[in-house]
Structures are given as C-alpha cells and as structure tokens.
Amino acid sequence: METVLPTRYGGVWLAGGRLPISAHPPLARLVKGVERVASIRAEIAHAAKVATMPAVEVVPYIWTSERVLICGRVTALRQSDGAYFGVQIPAPTALCTDHAAVRALLVHEFAHWFYLATRVVNGSEAGEKEGGILDLRNEGLTESDTQINVQDWFGEEDARRFIQHGDSATRSISSQAAGLEEQFYVVSPGLGDTVGDIDISDDVKAHIRHLRTQRSH
C-alpha cells in the first residue's frame, strides 16, 4: 500500500489515507485535482455575495453507498484542535476535469454549509445556543431541510445552475470513477460527524445578519 500524505492549497487539502499498489499511482493526478478544486472554490467565492467559502477536504477513496457513488458531503472535519464543519469530497470528484460539474457540486455542498452557519449565528444571537457548537444528531434533517435561498449567497450564474442531489449535471463525476477501482479503495464513508464547531468568518456572519434584518422588515 502507498501512504497519502496531507497536502494543502488555500482552504483545500488532501487528507491522509492509503492507496492500493497500482501500476499507475494516482498521487500526482490527485494533487493536481486538489489544486483544481482550490481554484474552482476561489472562482465561486469571487462571484459570491460573501468572500469566504467553506474549507474542502479531499479524501483519497472512492465513496459508495448501496452501490451509488457519493460525490461530496458536509461533515465535521477533524483538525488538530478539534472538529470543524466543512465539505468533504472523494477522489473521483477531485479528479474530474469537468469544471462545470465540480463547480456545481461544490456550490451545492457550500449551500448546505451556509445553512448550518446561519443556524449557528441566528441561534447564538437569539440566545438559543452557546458559542459556535452545532449538534445535529437528534434533528433527523433531510436533504431538503438544509437548503438556503441560493440567490442570497452565490453569484447569478452559480445560483441559476444550482443542482440538487443526483442531478445529471454531475454525471461526469460518476463517469470519472469508472476504472479507478485499482487506484483507490472503494469504501462506504459511514456516517458523517454531526457534532462539532463551525468556524464562521466575519464576512459570513455579517451577511447572515444582513439577511435576517431584511426578512424582519
């Protein structure tokens, strides 16, 4: 087995992990994928209503659940000083060179993160929750429960092209996964961590407050 060492590029990093021995080691391609995701993340931020996007962790595995490919999720990412909510994507998403598909997938996951950030800020400032800790273990939230108004957060084009889970726009990510089984282990990602801190930048907090004020009038 080959060991993947963590690699970082401005808000996006490659998590450590294990790769099967392969005649075509994918590490160099994976690192390029991390760079590409970091670039797409920056493009989304440049067009968005806020300057800061969630952190993204690239996991060097293929994720499936009941034979369905999983392209990304929001979960608590383990850091040296604790667990912070961010976005995780598996190898096929990072390796996909279809810029539009990866961008749409990231916008979708970022939208879920902004929902969580809004919950934390509004709950904390209403006196419902202390600090930046969010515990979702007993809420039974569905995909549709954790939606925001994308026009409030993203650029016009990203909002117009917003996708839901399983959208055909991400089909190229699924196609990318075909044939990668010899280069990456196929695993179930298991349950995401649903308790942890959420590190919210000042610009995101200010935008949440602005939206709250708009809706109260």
# chains A, B, ... in the order shown; residues from 1 in each chain; ligands from 1
>>> residues_around(residues="Pro26 (chain A)", least_positions_apart="6", cutoff="9 Å", atoms="only C-alpha atoms", output="ChimeraX atom specification")
/A:19,183-184
>>> atom_distance(atom1="CA of Gly11 (chain A)", atom2="CA of Ala101 (chain A)")
19.7 Å
>>> atom_distance(atom1="CA of Ala76 (chain A)", atom2="CA of Arg212 (chain A)")
25.3 Å
>>> atom_distance(atom1="CA of Ala94 (chain A)", atom2="CA of Val120 (chain A)")
28.9 Å
>>> select_by_dssp(residues="region 160-210 of chain A", states="strand (DSSP E or B)", output="PDB file with N, CA and C atoms, in the first residue's frame")
ATOM      1  N   VAL A 186     -12.450   1.336  -2.566  1.00  0.00           N
ATOM      2  CA  VAL A 186     -13.869   1.687  -2.592  1.00  0.00           C
ATOM      3  C   VAL A 186     -14.427   1.425  -1.194  1.00  0.00           C
ATOM      4  N   VAL A 187     -14.911   2.471  -0.544  1.00  0.00           N
ATOM      5  CA  VAL A 187     -15.370   2.353   0.839  1.00  0.00           C
ATOM      6  C   VAL A 187     -16.703   3.070   1.002  1.00  0.00           C
ATOM      7  N   VAL A 195     -21.563  16.608  14.992  1.00  0.00           N
ATOM      8  CA  VAL A 195     -21.365  17.493  16.133  1.00  0.00           C
ATOM      9  C   VAL A 195     -19.952  18.054  16.042  1.00  0.00           C
ATOM     10  N   GLY A 196     -19.844  19.348  16.256  1.00  0.00           N
ATOM     11  CA  GLY A 196     -18.541  19.994  16.194  1.00  0.00           C
ATOM     12  C   GLY A 196     -18.715  21.495  16.173  1.00  0.00           C
ATOM     13  N   ASP A 197     -17.592  22.206  16.105  1.00  0.00           N
ATOM     14  CA  ASP A 197     -17.627  23.659  15.987  1.00  0.00           C
ATOM     15  C   ASP A 197     -17.827  24.029  14.530  1.00  0.00           C
TER      16      ASP A 197
END
